[in-house]
$ cat run36.cif   # mmCIF, C-alpha atoms and all ligand atoms
data_data
loop_
_atom_site.label_atom_id
_atom_site.label_comp_id
_atom_site.auth_asym_id
_atom_site.auth_seq_id
_atom_site.Cartn_x
_atom_site.Cartn_y
_atom_site.Cartn_z
CA MET W 399 -11.68 -33.00 -2.55
CA LYS W 400 -10.52 -30.71 -5.38
CA PRO W 401 -8.92 -27.28 -4.82
CA ASN W 402 -10.84 -24.08 -5.42
CA PRO W 403 -10.46 -23.61 -9.22
CA CYS W 404 -9.31 -20.01 -8.62
CA LEU W 405 -6.16 -21.43 -7.05
CA GLU W 406 -5.30 -23.05 -10.35
CA ASN W 407 -5.16 -19.60 -11.95
CA ILE W 408 -3.05 -17.82 -9.40
CA ALA W 409 0.61 -17.15 -10.31
CA PRO W 410 3.01 -19.52 -8.58
CA GLY W 411 4.49 -17.73 -5.55
CA TYR W 412 3.73 -14.34 -4.00
CA LEU W 413 6.34 -11.65 -4.75
CA PHE W 414 7.71 -10.91 -1.28
CA PRO W 415 8.28 -14.50 -0.08
CA GLU W 416 10.08 -15.12 -3.41
CA ILE W 417 12.43 -12.21 -2.68
CA ALA W 418 13.00 -13.46 0.88
CA LYS W 419 13.80 -16.91 -0.52
CA ARG W 420 16.45 -15.49 -2.87
CA ARG W 421 17.93 -13.30 -0.16
CA ASN W 422 18.12 -16.21 2.29
CA ALA W 423 19.73 -18.46 -0.31
CA TYR W 424 22.34 -15.79 -1.05
CA GLN W 425 23.02 -15.19 2.65
CA ALA W 426 23.37 -18.93 3.31
CA ALA W 427 25.91 -19.18 0.49
CA HIS W 428 27.78 -16.06 1.68
CA PRO W 429 27.57 -16.07 5.49
CA ASP W 430 30.25 -13.37 5.89
CA VAL W 431 28.48 -10.81 3.74
CA ARG W 432 26.23 -8.23 5.42
CA VAL W 433 23.16 -8.01 3.23
CA ILE W 434 21.16 -4.78 3.54
CA SER W 435 17.47 -4.77 2.69
CA LEU W 436 15.96 -1.95 0.66
CA GLY W 437 13.40 -4.48 -0.48
CA VAL W 438 10.18 -5.09 1.35
CA GLY W 439 8.38 -2.01 2.69
CA ASN W 440 8.57 -3.00 6.34
CA THR W 441 9.01 -0.41 9.09
CA THR W 442 12.18 -0.65 11.18
CA GLU W 443 12.10 2.16 13.74
CA PRO W 444 10.75 1.81 17.30
CA LEU W 445 7.44 3.33 18.27
CA PHE W 446 7.47 6.79 19.82
CA GLY W 447 6.32 7.35 23.42
CA THR W 448 2.71 8.49 23.08
CA ILE W 449 1.73 5.75 20.68
CA ALA W 450 3.59 3.06 22.64
CA ASP W 451 1.97 4.30 25.88
CA GLY W 452 -1.47 3.95 24.29
CA LEU W 453 -0.77 0.30 23.54
CA VAL W 454 0.69 -0.40 26.97
CA ARG W 455 -2.14 1.32 28.86
CA GLU W 456 -4.74 -0.76 27.05
CA ALA W 457 -2.81 -3.99 27.53
CA LYS W 458 -2.57 -3.28 31.27
CA ALA W 459 -6.23 -2.26 31.46
CA LEU W 460 -7.17 -5.68 30.11
CA ALA W 461 -5.88 -7.11 33.38
CA THR W 462 -8.39 -5.07 35.39
CA ALA W 463 -12.11 -5.58 35.98
CA ASP W 464 -12.98 -2.07 34.81
CA GLY W 465 -10.64 -1.98 31.84
CA TYR W 466 -11.32 -5.40 30.39
CA SER W 467 -12.97 -5.56 26.98
CA GLY W 468 -13.81 -8.39 24.60
CA TYR W 469 -14.92 -8.32 20.97
CA GLN W 470 -15.03 -4.86 19.43
CA ASP W 471 -16.31 -6.01 16.05
CA GLU W 472 -17.16 -2.66 14.51
CA GLY W 473 -14.20 -0.79 15.87
CA ARG W 474 -14.24 1.79 18.66
CA GLU W 475 -16.50 4.70 17.88
CA ASP W 476 -14.00 7.21 19.29
CA LEU W 477 -11.35 5.80 16.93
CA ARG W 478 -13.67 6.03 13.92
CA LYS W 479 -14.62 9.61 14.85
CA GLY W 480 -10.94 10.41 15.46
CA ILE W 481 -9.95 9.14 11.99
CA SER W 482 -12.68 11.22 10.41
CA ALA W 483 -11.46 14.32 12.28
CA ALA W 484 -7.72 13.77 11.74
CA PHE W 485 -7.72 12.77 8.06
CA TYR W 486 -11.02 13.88 6.51
CA GLY W 487 -11.84 17.18 8.21
CA GLY W 488 -14.62 15.44 10.17
CA LYS W 489 -16.81 15.04 7.09
CA PHE W 490 -17.49 11.33 7.54
CA ASP W 491 -19.89 9.83 10.01
CA ALA W 492 -18.35 7.18 12.28
CA ASP W 493 -20.46 4.58 10.43
CA GLU W 494 -18.77 5.40 7.14
CA ILE W 495 -15.42 4.34 8.62
CA PHE W 496 -14.66 0.66 9.18
CA ILE W 497 -11.72 -0.34 11.36
CA SER W 498 -9.61 -3.18 9.97
CA ASP W 499 -6.55 -5.21 10.86
CA GLY W 500 -4.67 -3.52 8.02
CA ALA W 501 -5.07 -2.30 4.46
CA LYS W 502 -3.95 -5.55 2.84
CA CYS W 503 -6.61 -7.54 4.69
CA ASP W 504 -9.38 -5.19 3.53
CA VAL W 505 -8.03 -5.15 -0.04
CA GLY W 506 -8.38 -8.92 0.10
CA ARG W 507 -11.92 -8.80 1.46
CA LEU W 508 -13.40 -5.86 -0.44
CA GLN W 509 -13.96 -7.68 -3.68
CA LEU W 510 -16.58 -9.80 -1.93
CA LEU W 511 -18.75 -6.71 -2.43
CA PHE W 512 -18.64 -7.06 -6.20
CA GLY W 513 -18.15 -10.75 -6.98
CA ARG W 514 -16.32 -12.55 -9.73
CA ASP W 515 -18.10 -11.05 -12.74
CA VAL W 516 -17.10 -7.44 -12.23
CA PRO W 517 -14.50 -6.19 -14.76
CA VAL W 518 -11.30 -5.35 -12.90
CA ALA W 519 -8.78 -2.71 -14.01
CA VAL W 520 -5.51 -2.04 -12.21
CA GLN W 521 -2.70 0.42 -12.49
CA ASP W 522 0.35 -1.33 -13.88
CA PRO W 523 2.67 -1.55 -11.97
CA ALA W 524 0.69 -2.07 -8.74
CA TYR W 525 0.81 -3.68 -5.30
CA PRO W 526 0.32 -7.38 -6.22
CA VAL W 527 -2.56 -7.96 -3.80
CA TYR W 528 -5.00 -6.11 -6.10
CA VAL W 529 -4.63 -8.65 -8.89
CA ASP W 530 -3.97 -11.70 -6.75
CA GLY W 531 -6.98 -10.84 -4.55
CA SER W 532 -9.15 -10.50 -7.65
CA VAL W 533 -7.94 -13.85 -8.95
CA LEU W 534 -8.73 -15.55 -5.65
CA ILE W 535 -12.34 -14.50 -6.00
CA GLY W 536 -12.45 -15.78 -9.58
CA ALA W 537 -12.27 -12.46 -11.39
CA GLY W 538 -8.79 -12.68 -12.88
CA GLY W 539 -8.62 -15.43 -15.47
CA ALA W 540 -5.51 -17.45 -16.21
CA TYR W 541 -1.96 -16.21 -15.56
CA VAL W 542 0.32 -15.72 -18.54
CA ASP W 543 3.97 -15.34 -17.60
CA GLY W 544 5.24 -11.83 -18.35
CA GLN W 545 1.78 -10.59 -19.30
CA GLY W 546 -0.28 -11.00 -16.15
CA TYR W 547 -3.83 -12.33 -15.82
CA ALA W 548 -5.91 -12.63 -18.98
CA GLY W 549 -9.11 -11.42 -17.30
CA ILE W 550 -7.69 -8.22 -15.79
CA THR W 551 -7.27 -4.93 -17.61
CA TYR W 552 -3.76 -3.65 -16.97
CA LEU W 553 -3.40 0.12 -17.21
CA PRO W 554 0.25 0.98 -17.80
CA CYS W 555 1.33 3.97 -15.72
CA THR W 556 4.68 4.95 -17.18
CA PRO W 557 6.97 7.99 -17.14
CA GLU W 558 5.91 8.70 -20.74
CA GLY W 559 2.25 8.93 -19.68
CA ASP W 560 2.78 10.98 -16.49
CA PHE W 561 1.99 7.82 -14.52
CA PHE W 562 -1.68 8.21 -15.39
CA PRO W 563 -3.73 5.37 -16.89
CA ASP W 564 -5.35 5.42 -20.31
CA LEU W 565 -8.95 5.43 -19.13
CA THR W 566 -10.31 4.61 -22.58
CA LYS W 567 -9.24 1.01 -21.84
CA VAL W 568 -11.48 0.78 -18.77
CA ARG W 569 -14.82 -0.93 -19.34
CA PRO W 570 -17.90 0.81 -17.91
CA GLY W 571 -18.89 -0.69 -14.56
CA SER W 572 -15.31 -1.64 -13.67
CA LEU W 573 -13.65 -1.87 -10.33
CA LEU W 574 -10.64 0.40 -10.66
CA TYR W 575 -7.66 -0.08 -8.30
CA ILE W 576 -5.70 3.13 -7.76
CA CYS W 577 -2.86 3.69 -5.28
CA SER W 578 -1.45 7.15 -4.55
CA PRO W 579 1.23 7.75 -3.33
CA ASN W 580 1.88 4.77 -5.52
CA ASN W 581 3.50 1.55 -4.58
CA PRO W 582 5.85 0.82 -6.32
CA THR W 583 6.53 4.01 -8.35
CA GLY W 584 6.32 6.53 -5.51
CA TYR W 585 4.38 8.79 -7.88
CA VAL W 586 1.62 10.90 -6.30
CA MET W 587 -1.39 11.79 -8.45
CA THR W 588 -2.05 15.49 -8.88
CA ARG W 589 -5.38 17.08 -8.04
CA ALA W 590 -6.15 17.42 -11.76
CA GLN W 591 -5.43 13.73 -12.36
CA LEU W 592 -7.66 12.68 -9.47
CA GLU W 593 -10.42 14.96 -10.75
CA THR W 594 -10.22 13.25 -14.14
CA LEU W 595 -10.43 9.84 -12.46
CA VAL W 596 -13.42 10.74 -10.31
CA SER W 597 -15.28 12.30 -13.20
CA PHE W 598 -14.57 9.21 -15.34
CA ALA W 599 -15.75 6.83 -12.61
CA ASN W 600 -18.96 8.77 -11.99
CA HIS W 601 -19.78 8.93 -15.70
CA ASN W 602 -19.00 5.27 -16.39
CA GLY W 603 -20.48 3.51 -13.35
CA CYS W 604 -17.02 2.52 -12.04
CA ILE W 605 -15.97 2.22 -8.41
CA ILE W 606 -12.45 3.29 -7.48
CA LEU W 607 -10.71 1.28 -4.75
CA PHE W 608 -8.27 3.95 -3.63
CA ASP W 609 -5.33 2.75 -1.55
CA ALA W 610 -3.91 5.69 0.40
CA ALA W 611 -1.60 3.66 2.68
CA TYR W 612 1.28 6.12 2.11
CA ALA W 613 -0.72 9.39 2.32
CA GLU W 614 1.14 10.62 5.42
CA PHE W 615 4.39 10.75 3.42
CA ILE W 616 3.04 13.56 1.23
CA ARG W 617 4.87 16.82 1.94
CA ASP W 618 3.79 18.86 -1.09
CA ALA W 619 0.67 20.72 0.08
CA ALA W 620 -0.70 20.83 -3.49
CA LEU W 621 -1.00 17.02 -3.64
CA PRO W 622 -4.22 15.54 -2.23
CA LYS W 623 -3.78 13.03 0.62
CA THR W 624 -7.17 11.46 0.06
CA ILE W 625 -9.47 10.90 -2.89
CA PHE W 626 -12.21 12.46 -0.80
CA ASP W 627 -10.54 15.85 -1.33
CA ILE W 628 -12.04 15.61 -4.80
CA ALA W 629 -15.65 16.68 -5.32
CA GLY W 630 -17.79 13.74 -6.42
CA ALA W 631 -15.57 11.03 -4.93
CA GLU W 632 -18.20 10.08 -2.36
CA THR W 633 -20.38 8.57 -5.08
CA CYS W 634 -17.61 6.55 -6.76
CA ALA W 635 -14.82 5.67 -4.34
CA ILE W 636 -13.84 3.53 -1.39
CA GLU W 637 -10.61 4.49 0.40
CA ILE W 638 -8.35 1.99 2.15
CA ASN W 639 -5.76 3.22 4.64
CA SER W 640 -3.50 2.03 7.41
CA PHE W 641 -1.53 2.87 10.53
CA SER W 642 1.22 0.48 9.33
CA LYS W 643 3.60 2.87 7.63
CA PRO W 644 2.88 6.24 9.31
CA ALA W 645 2.73 4.91 12.88
CA GLY W 646 5.02 1.87 12.59
CA PHE W 647 2.12 -0.59 13.01
CA THR W 648 3.18 -3.16 10.39
CA GLY W 649 3.31 -5.74 13.17
CA VAL W 650 0.69 -4.20 15.49
CA ARG W 651 -1.92 -4.33 12.66
CA LEU W 652 -4.52 -1.59 12.32
CA GLY W 653 -6.14 0.09 9.34
CA TRP W 654 -9.42 1.52 8.13
CA THR W 655 -11.66 1.70 5.10
CA VAL W 656 -14.00 4.54 4.22
CA VAL W 657 -17.22 3.47 2.49
CA PRO W 658 -19.33 6.62 2.05
CA PHE W 659 -23.10 6.49 2.55
CA GLY W 660 -23.39 8.04 -0.93
CA LEU W 661 -21.84 5.06 -2.73
CA ALA W 662 -24.51 2.94 -4.41
CA TYR W 663 -24.77 -0.15 -6.58
CA ASP W 664 -26.61 0.06 -9.91
CA GLY W 665 -30.24 0.15 -8.81
CA GLY W 666 -29.45 2.15 -5.67
CA GLY W 667 -28.46 -0.43 -3.02
CA SER W 668 -26.08 0.91 -0.37
CA VAL W 669 -22.49 -0.32 -0.66
CA ASN W 670 -21.93 0.87 2.92
CA LYS W 671 -24.69 -1.43 4.21
CA ALA W 672 -23.35 -4.32 2.15
CA TRP W 673 -19.83 -3.83 3.56
CA SER W 674 -21.25 -3.69 7.05
CA ARG W 675 -22.94 -7.04 6.37
CA VAL W 676 -19.79 -8.60 4.90
CA THR W 677 -17.49 -7.48 7.71
CA ALA W 678 -19.98 -8.51 10.39
CA THR W 679 -19.94 -11.99 8.86
CA ILE W 680 -16.27 -12.66 8.19
CA PHE W 681 -14.33 -10.24 10.44
CA ASN W 682 -14.33 -10.06 14.22
CA GLY W 683 -12.67 -6.68 14.61
CA ALA W 684 -9.16 -5.35 15.08
CA SER W 685 -7.28 -5.99 18.31
CA ASN W 686 -8.49 -3.72 21.11
CA VAL W 687 -4.85 -3.04 22.06
CA ALA W 688 -4.06 -1.94 18.49
CA GLN W 689 -7.13 0.29 18.46
CA ALA W 690 -6.01 2.03 21.65
CA GLY W 691 -2.61 2.58 20.02
CA GLY W 692 -4.34 4.02 16.97
CA LEU W 693 -6.34 6.38 19.15
CA ALA W 694 -3.12 7.55 20.83
CA ALA W 695 -1.63 8.12 17.35
CA LEU W 696 -4.47 10.54 16.60
CA SER W 697 -3.76 12.74 19.65
CA PRO W 698 -1.85 15.98 18.94
CA GLU W 699 1.33 14.38 20.31
CA GLY W 700 0.70 11.17 18.36
CA LEU W 701 0.26 13.08 15.10
CA LYS W 702 3.62 14.78 15.75
CA GLU W 703 5.14 11.33 16.20
CA ILE W 704 3.66 10.24 12.86
CA ARG W 705 5.26 13.27 11.26
CA ALA W 706 8.64 12.53 12.84
CA LEU W 707 8.55 8.87 11.81
CA THR W 708 7.59 9.60 8.21
CA ASP W 709 10.27 12.35 8.09
CA TYR W 710 12.83 9.76 9.17
CA TYR W 711 12.03 7.44 6.27
CA LEU W 712 11.77 10.36 3.84
CA GLU W 713 15.36 11.32 4.74
CA ASN W 714 16.39 7.81 3.72
CA ALA W 715 14.42 8.17 0.50
CA LYS W 716 16.19 11.42 -0.34
CA ARG W 717 19.59 9.87 0.28
CA ILE W 718 18.85 6.82 -1.92
CA LYS W 719 17.42 8.96 -4.71
CA GLN W 720 20.43 11.31 -4.71
CA THR W 721 22.83 8.37 -4.78
CA LEU W 722 21.12 6.71 -7.74
CA GLU W 723 20.79 9.94 -9.68
CA ALA W 724 24.46 10.76 -9.07
CA ARG W 725 25.18 7.49 -10.90
CA GLY W 726 23.06 8.66 -13.83
CA ILE W 727 20.14 6.37 -13.04
CA TRP W 728 16.68 7.75 -13.82
CA THR W 729 14.36 7.73 -10.78
CA ILE W 730 10.96 8.92 -9.64
CA GLY W 731 9.37 8.92 -6.19
CA GLY W 732 11.03 9.39 -2.85
CA ASP W 733 9.91 13.04 -2.36
CA ASN W 734 6.41 12.37 -1.12
CA SER W 735 6.66 8.63 -0.68
CA PRO W 736 9.01 6.03 0.81
CA TYR W 737 9.67 4.30 -2.54
CA ILE W 738 12.11 5.17 -5.29
CA TRP W 739 11.45 3.70 -8.72
CA ALA W 740 14.62 3.34 -10.77
CA ARG W 741 14.88 2.57 -14.46
CA PHE W 742 17.45 0.25 -16.06
CA PRO W 743 16.75 0.36 -19.82
CA GLY W 744 17.45 -2.81 -21.76
CA ARG W 745 17.68 -5.03 -18.67
CA THR W 746 15.20 -7.24 -16.89
CA SER W 747 14.20 -6.32 -13.37
CA TRP W 748 15.32 -9.70 -11.98
CA ASP W 749 18.69 -9.30 -13.69
CA VAL W 750 19.20 -5.94 -11.95
CA PHE W 751 17.90 -7.42 -8.68
CA ASP W 752 20.50 -10.21 -8.94
CA GLU W 753 23.30 -7.79 -9.73
CA LEU W 754 22.42 -5.54 -6.79
CA LEU W 755 22.33 -8.56 -4.50
CA ASN W 756 25.48 -10.24 -5.81
CA GLU W 757 27.67 -7.17 -6.33
CA TYR W 758 26.38 -4.69 -3.76
CA HIS W 759 24.70 -7.07 -1.27
CA ILE W 760 21.56 -4.98 -1.37
CA VAL W 761 18.05 -6.42 -1.61
CA THR W 762 15.58 -4.49 -3.75
CA THR W 763 12.23 -5.41 -5.32
CA PRO W 764 12.14 -6.21 -9.04
CA GLY W 765 9.68 -3.98 -10.87
CA SER W 766 8.28 -6.81 -12.99
CA GLY W 767 6.85 -8.32 -9.79
CA PHE W 768 4.37 -5.42 -9.75
CA GLY W 769 3.07 -6.02 -13.27
CA PRO W 770 4.22 -6.17 -16.90
CA ALA W 771 4.88 -2.41 -17.09
CA GLY W 772 7.33 -2.74 -14.19
CA GLU W 773 9.84 -4.62 -16.35
CA SER W 774 13.28 -2.92 -16.46
CA PHE W 775 12.55 -1.06 -13.22
CA VAL W 776 13.61 -1.80 -9.65
CA ARG W 777 12.00 -0.46 -6.48
CA PHE W 778 14.15 0.81 -3.61
CA SER W 779 12.39 1.00 -0.24
CA ALA W 780 13.35 3.73 2.23
CA PHE W 781 12.29 1.67 5.26
CA GLY W 782 15.52 1.00 7.15
CA HIS W 783 17.86 2.36 9.80
CA HIS W 784 19.73 5.51 8.73
CA ALA W 785 23.07 3.73 9.26
CA ASP W 786 22.08 0.84 6.97
CA VAL W 787 20.82 3.20 4.28
CA GLU W 788 24.07 5.17 4.55
CA GLU W 789 26.09 2.01 4.07
CA ALA W 790 23.90 0.86 1.18
CA CYS W 791 24.34 4.26 -0.50
CA ALA W 792 28.10 4.14 0.03
CA ARG W 793 28.15 0.74 -1.72
CA LEU W 794 25.91 1.99 -4.54
CA ALA W 795 28.08 5.07 -5.07
CA LYS W 796 31.12 2.93 -5.84
C1 LIG W 801 4.92 -7.16 2.41
C2 LIG W 801 -0.16 -0.03 -1.27
C3 LIG W 801 4.68 -3.42 1.44
N1 LIG W 801 3.87 -8.85 3.71
O1 LIG W 801 0.18 -3.34 6.59
P1 LIG W 801 -1.10 -3.10 5.84
O2 LIG W 801 -1.84 -4.38 5.59
O3 LIG W 801 -1.94 -2.05 6.44
O4 LIG W 801 -0.69 -2.51 4.41
C4 LIG W 801 -0.19 -3.31 3.37
C5 LIG W 801 -0.10 -2.49 2.14
C6 LIG W 801 -1.28 -1.95 1.64
N2 LIG W 801 -1.26 -1.18 0.55
C7 LIG W 801 -0.12 -0.90 -0.07
C8 LIG W 801 1.07 -1.45 0.39
O5 LIG W 801 2.22 -1.17 -0.26
C9 LIG W 801 1.09 -2.26 1.51
C10 LIG W 801 2.36 -2.86 2.04
N3 LIG W 801 3.31 -3.16 1.04
C11 LIG W 801 5.54 -3.50 0.19
O6 LIG W 801 6.77 -3.69 0.34
O7 LIG W 801 5.04 -3.36 -0.92
C12 LIG W 801 4.80 -4.64 2.30
C13 LIG W 801 4.69 -5.92 1.54
C14 LIG W 801 3.69 -7.58 3.10
C15 LIG W 801 2.56 -7.63 2.06
O8 LIG W 801 2.48 -8.57 1.32
O9 LIG W 801 1.75 -6.71 2.07
#
$ encode --input "run36.cif" --output "structure tokens"
Amino acid sequence: MKPNPCLENIAPGYLFPEIAKRRNAYQAAHPDVRVISLGVGNTTEPLFGTIADGLVREAKALATADGYSGYQDEGREDLRKGISAAFYGGKFDADEIFISDGAKCDVGRLQLLFGRDVPVAVQDPAYPVYVDGSVLIGAGGAYVDGQGYAGITYLPCTPEGDFFPDLTKVRPGSLLYICSPNNPTGYVMTRAQLETLVSFANHNGCIILFDAAYAEFIRDAALPKTIFDIAGAETCAIEINSFSKPAGFTGVRLGWTVVPFGLAYDGGGSVNKAWSRVTATIFNGASNVAQAGGLAALSPEGLKEIRALTDYYLENAKRIKQTLEARGIWTIGGDNSPYIWARFPGRTSWDVFDELLNEYHIVTTPGSGFGPAGESFVRFSAFGHHADVEEACARLAK
């Protein structure tokens, strides 16, 4: 038996396990050093009461005749309605919202809707799953070290270009991956930028896969939290979102995807119906315990807990950003997102990563791991205990 040919194209090694490998090797060689991680974006703080109670109640109910439930393939209707009410002003029907086991999993599945021949364009830098997921379905072409995949259109989003892609590079009929607040840059697209994107997509037959996993970190009221704040988005966008970062569900696993009824293929076929067919075939629903936790997170008390948790990480972000800037390092992000993107001109990202690990015992994420335009940048994650972030900042200040 031969491997799937797509596997021959994929870059050797996924970014985050590679970082973990280097960290573990360093720790093994220096057992007395306390390494602090500002690397992977993994939540660290315990769940608050209302959300935790929602999980516990459901788990206990499963042990009772009345409370037991089995498959919930499509996701609880009250959860889908609750998401529409809490995050979209109630404008979506429950059947336009699909419950998932997390944003990453749906990013990986969504391209089944479009197949291997669709042109793919991604922001560069970007969360690696967009390109790797495309490659796995055969849409990426071969990997060229330092340049990325030959079959994918990389759209540099740099400080010089206001972190907005050059849309003239996007072929009509493309799938366009956009993430805002952005991972890794922490940049949040303005309303005007999103309007330009939506207008471009509608005029050029493109579909935007909009990853809003960090929307609840936005504090500036002028910045849209969802692409569906923009008129016309319902005919050109799918939004992916998650309870992972706002509610601390990275391990619990729960997310959602909005596929509007108004989104159509060329020729008029419903993308919503197609997604319903795909998920019914290859997904058996999110955990019923996780869904109960998600429902609790949408209660008035739960939404306050989301605010408090995201505030906690934003305090870390502010502290890291101030520390780096006090050292004269250029940064962006961290105000409305949990990531700070720091620039080290003339150096490679892995070189800076190694220095931060060896000299400061701090794990970061090298910018080049997010795409060619990430070279010379390093991402600092604000997910961590306050005390650890304080210590990391004290080390960085020296
Ligand atoms: C490490 C833009 C983190 N093993 O938890 P999910 O599946 O709902 O959300 C994953 C996700 C989706 N969209 C964006 C993200 O940034 C993430 C999580 N990214 C990071 O450090 O960049 C965790 C990465 C994890 C992974 O591979 O996803």
$ closest_residue --input "run36.cif" --among "W:Arg777, W:Lys502, W:Lys567, W:Arg741" --to "ligand LIG 801 (chain W)" --atoms "only C-alpha atoms and all ligand atoms"
W:Lys502
$ axis_aligned_box --input "run36.cif" --around "ligand LIG 801 (chain W)" --padding-each-side "6 Å" --output "lines of an AutoDock Vina configuration file"
center_x = 2.4
center_y = -4.4
center_z = 2.7
size_x = 20.7
size_y = 20.8
size_z = 19.9
$ closest_residue --input "run36.cif" --among "W:Thr442, W:Asn756, W:His601, W:Glu632" --to "Ala427 of chain W" --atoms "all atoms listed in the file"
W:Asn756
$ residues_near_ligand --input "run36.cif" --ligand "ligand LIG 801 (chain W)" --cutoff "9 Å" --atoms "all atoms listed in the file" --output "VMD selection string"
chain W and resid 412 to 415 437 to 440 498 to 505 524 to 527 577 to 582 609 to 612 638 to 643 647 to 654 737 763 779
$ closest_residue --input "run36.cif" --among "W:Ala426, W:Ala690, W:Val516, W:Cys604" --to "Gly465 of chain W" --atoms "only C-alpha atoms"
W:Ala690
$ residues_around --input "run36.cif" --residues "Asp543 of chain W" --least-positions-apart "6" --cutoff "12 Å" --atoms "only C-alpha atoms" --output "PyMOL selection string"
chain W and resi 407-410+766-767+769-770
$ write_last_selection --input "run36.cif" --atoms "C-alpha atoms" --output "PDB file, keeping the file's coordinate frame"
ATOM      1  CA  ASN W 407      -5.160 -19.600 -11.950  1.00  0.00           C
ATOM      2  CA  ILE W 408      -3.050 -17.820  -9.400  1.00  0.00           C
ATOM      3  CA  ALA W 409       0.610 -17.150 -10.310  1.00  0.00           C
ATOM      4  CA  PRO W 410       3.010 -19.520  -8.580  1.00  0.00           C
ATOM      5  CA  SER W 766       8.280  -6.810 -12.990  1.00  0.00           C
ATOM      6  CA  GLY W 767       6.850  -8.320  -9.790  1.00  0.00           C
ATOM      7  CA  GLY W 769       3.070  -6.020 -13.270  1.00  0.00           C
ATOM      8  CA  PRO W 770       4.220  -6.170 -16.900  1.00  0.00           C
TER       9      PRO W 770
END
$ residues_near_point --input "run36.cif" --point "(14.6, -8.7, -22.9)" --cutoff "12 Å" --atoms "all atoms listed in the file" --output "PyMOL selection string"
chain W and resi 544+742-749+766+773-774
$ closest_residue --input "run36.cif" --among "W:Ile497, W:Leu707, W:Val533, W:Ala484" --to "Asp471 of chain W" --atoms "only C-alpha atoms"
W:Ile497
$ atom_distance --input "run36.cif" --atom1 "atom CA of Ala688 of chain W" --atom2 "atom CA of Lys671 of chain W"
25.1 Å
$ closest_residue --input "run36.cif" --among "W:Phe615, W:Phe778, W:Tyr711, W:Tyr575" --to "Ile550 of chain W" --atoms "all atoms listed in the file"
W:Tyr575
$ residues_around --input "run36.cif" --residues "Thr633 of chain W" --least-positions-apart "3" --cutoff "8 Å" --atoms "all atoms listed in the file" --output "NGL selection string"
:W and (600 or 630 or 658 or 660-662)
$ residues_around --input "run36.cif" --residues "Glu472 of chain W" --least-positions-apart "3" --cutoff "10 Å" --atoms "all atoms listed in the file" --output "compact mmCIF listing (two decimals) with C-alpha atoms, keeping the file's coordinate frame"
# COMPACT_ATOMS: atom_id res chain seq x y z
CA TYR W 469 -14.92 -8.32 20.97
CA GLU W 475 -16.50 4.70 17.88
CA ARG W 478 -13.67 6.03 13.92
CA ASP W 493 -20.46 4.58 10.43
CA ILE W 495 -15.42 4.34 8.62
CA PHE W 496 -14.66 0.66 9.18
CA ILE W 497 -11.72 -0.34 11.36
CA SER W 498 -9.61 -3.18 9.97
CA SER W 674 -21.25 -3.69 7.05
CA THR W 677 -17.49 -7.48 7.71
CA ALA W 678 -19.98 -8.51 10.39
CA PHE W 681 -14.33 -10.24 10.44
CA ASN W 682 -14.33 -10.06 14.22
CA GLY W 683 -12.67 -6.68 14.61
CA ALA W 684 -9.16 -5.35 15.08
$ closest_residue --input "run36.cif" --among "W:Ala771, W:Val586, W:Ala461, W:Val687" --to "Glu558 of chain W" --atoms "all atoms listed in the file"
W:Ala771
$ atom_distance --input "run36.cif" --atom1 "atom CA of Gln509 of chain W" --atom2 "atom CA of Glu416 of chain W"
25.2 Å
$ residues_around --input "run36.cif" --residues "Asp733 of chain W" --least-positions-apart "4" --cutoff "10 Å" --atoms "only C-alpha atoms" --output "MDAnalysis selection string"
chainID W and resid 584:586 615:618 712:713 715:716 719 737:738
$ residues_around --input "run36.cif" --residues "Val787 of chain W" --least-positions-apart "2" --cutoff "9 Å" --atoms "all atoms listed in the file" --output "PyMOL selection string"
chain W and resi 434-436+714-715+717-718+780-785+789-792
$ atom_distance --input "run36.cif" --atom1 "atom CA of Cys555 of chain W" --atom2 "atom CA of Gln720 of chain W"
23.2 Å
$ residues_near_point --input "run36.cif" --point "(-19.2, -4.3, -0.9)" --cutoff "10 Å" --atoms "all atoms listed in the file" --output "ChimeraX atom specification"
/W:507-513,636,657,661-663,668-677
$ build_atoms --input "run36.cif" --residues "segment 474-480 of chain W" --atoms "N, CA and C atoms" --output "PDB file, keeping the file's coordinate frame"
ATOM      1  N   ARG W 474     -13.828   0.783  17.667  1.00  0.00           N
ATOM      2  CA  ARG W 474     -14.240   1.790  18.660  1.00  0.00           C
ATOM      3  C   ARG W 474     -14.794   3.017  17.950  1.00  0.00           C
ATOM      4  N   GLU W 475     -15.884   3.529  18.512  1.00  0.00           N
ATOM      5  CA  GLU W 475     -16.500   4.700  17.880  1.00  0.00           C
ATOM      6  C   GLU W 475     -15.577   5.916  17.991  1.00  0.00           C
ATOM      7  N   ASP W 476     -14.881   6.039  19.157  1.00  0.00           N
ATOM      8  CA  ASP W 476     -14.000   7.210  19.290  1.00  0.00           C
ATOM      9  C   ASP W 476     -12.849   7.146  18.281  1.00  0.00           C
ATOM     10  N   LEU W 477     -12.411   5.934  17.930  1.00  0.00           N
ATOM     11  CA  LEU W 477     -11.350   5.800  16.930  1.00  0.00           C
ATOM     12  C   LEU W 477     -11.893   6.180  15.545  1.00  0.00           C
ATOM     13  N   ARG W 478     -13.093   5.718  15.239  1.00  0.00           N
ATOM     14  CA  ARG W 478     -13.670   6.030  13.920  1.00  0.00           C
ATOM     15  C   ARG W 478     -13.915   7.541  13.795  1.00  0.00           C
ATOM     16  N   LYS W 479     -14.417   8.140  14.884  1.00  0.00           N
ATOM     17  CA  LYS W 479     -14.620   9.610  14.850  1.00  0.00           C
ATOM     18  C   LYS W 479     -13.274  10.323  14.758  1.00  0.00           C
ATOM     19  N   GLY W 480     -12.281   9.792  15.459  1.00  0.00           N
ATOM     20  CA  GLY W 480     -10.940  10.410  15.460  1.00  0.00           C
ATOM     21  C   GLY W 480     -10.313  10.371  14.081  1.00  0.00           C
TER      22      GLY W 480
END
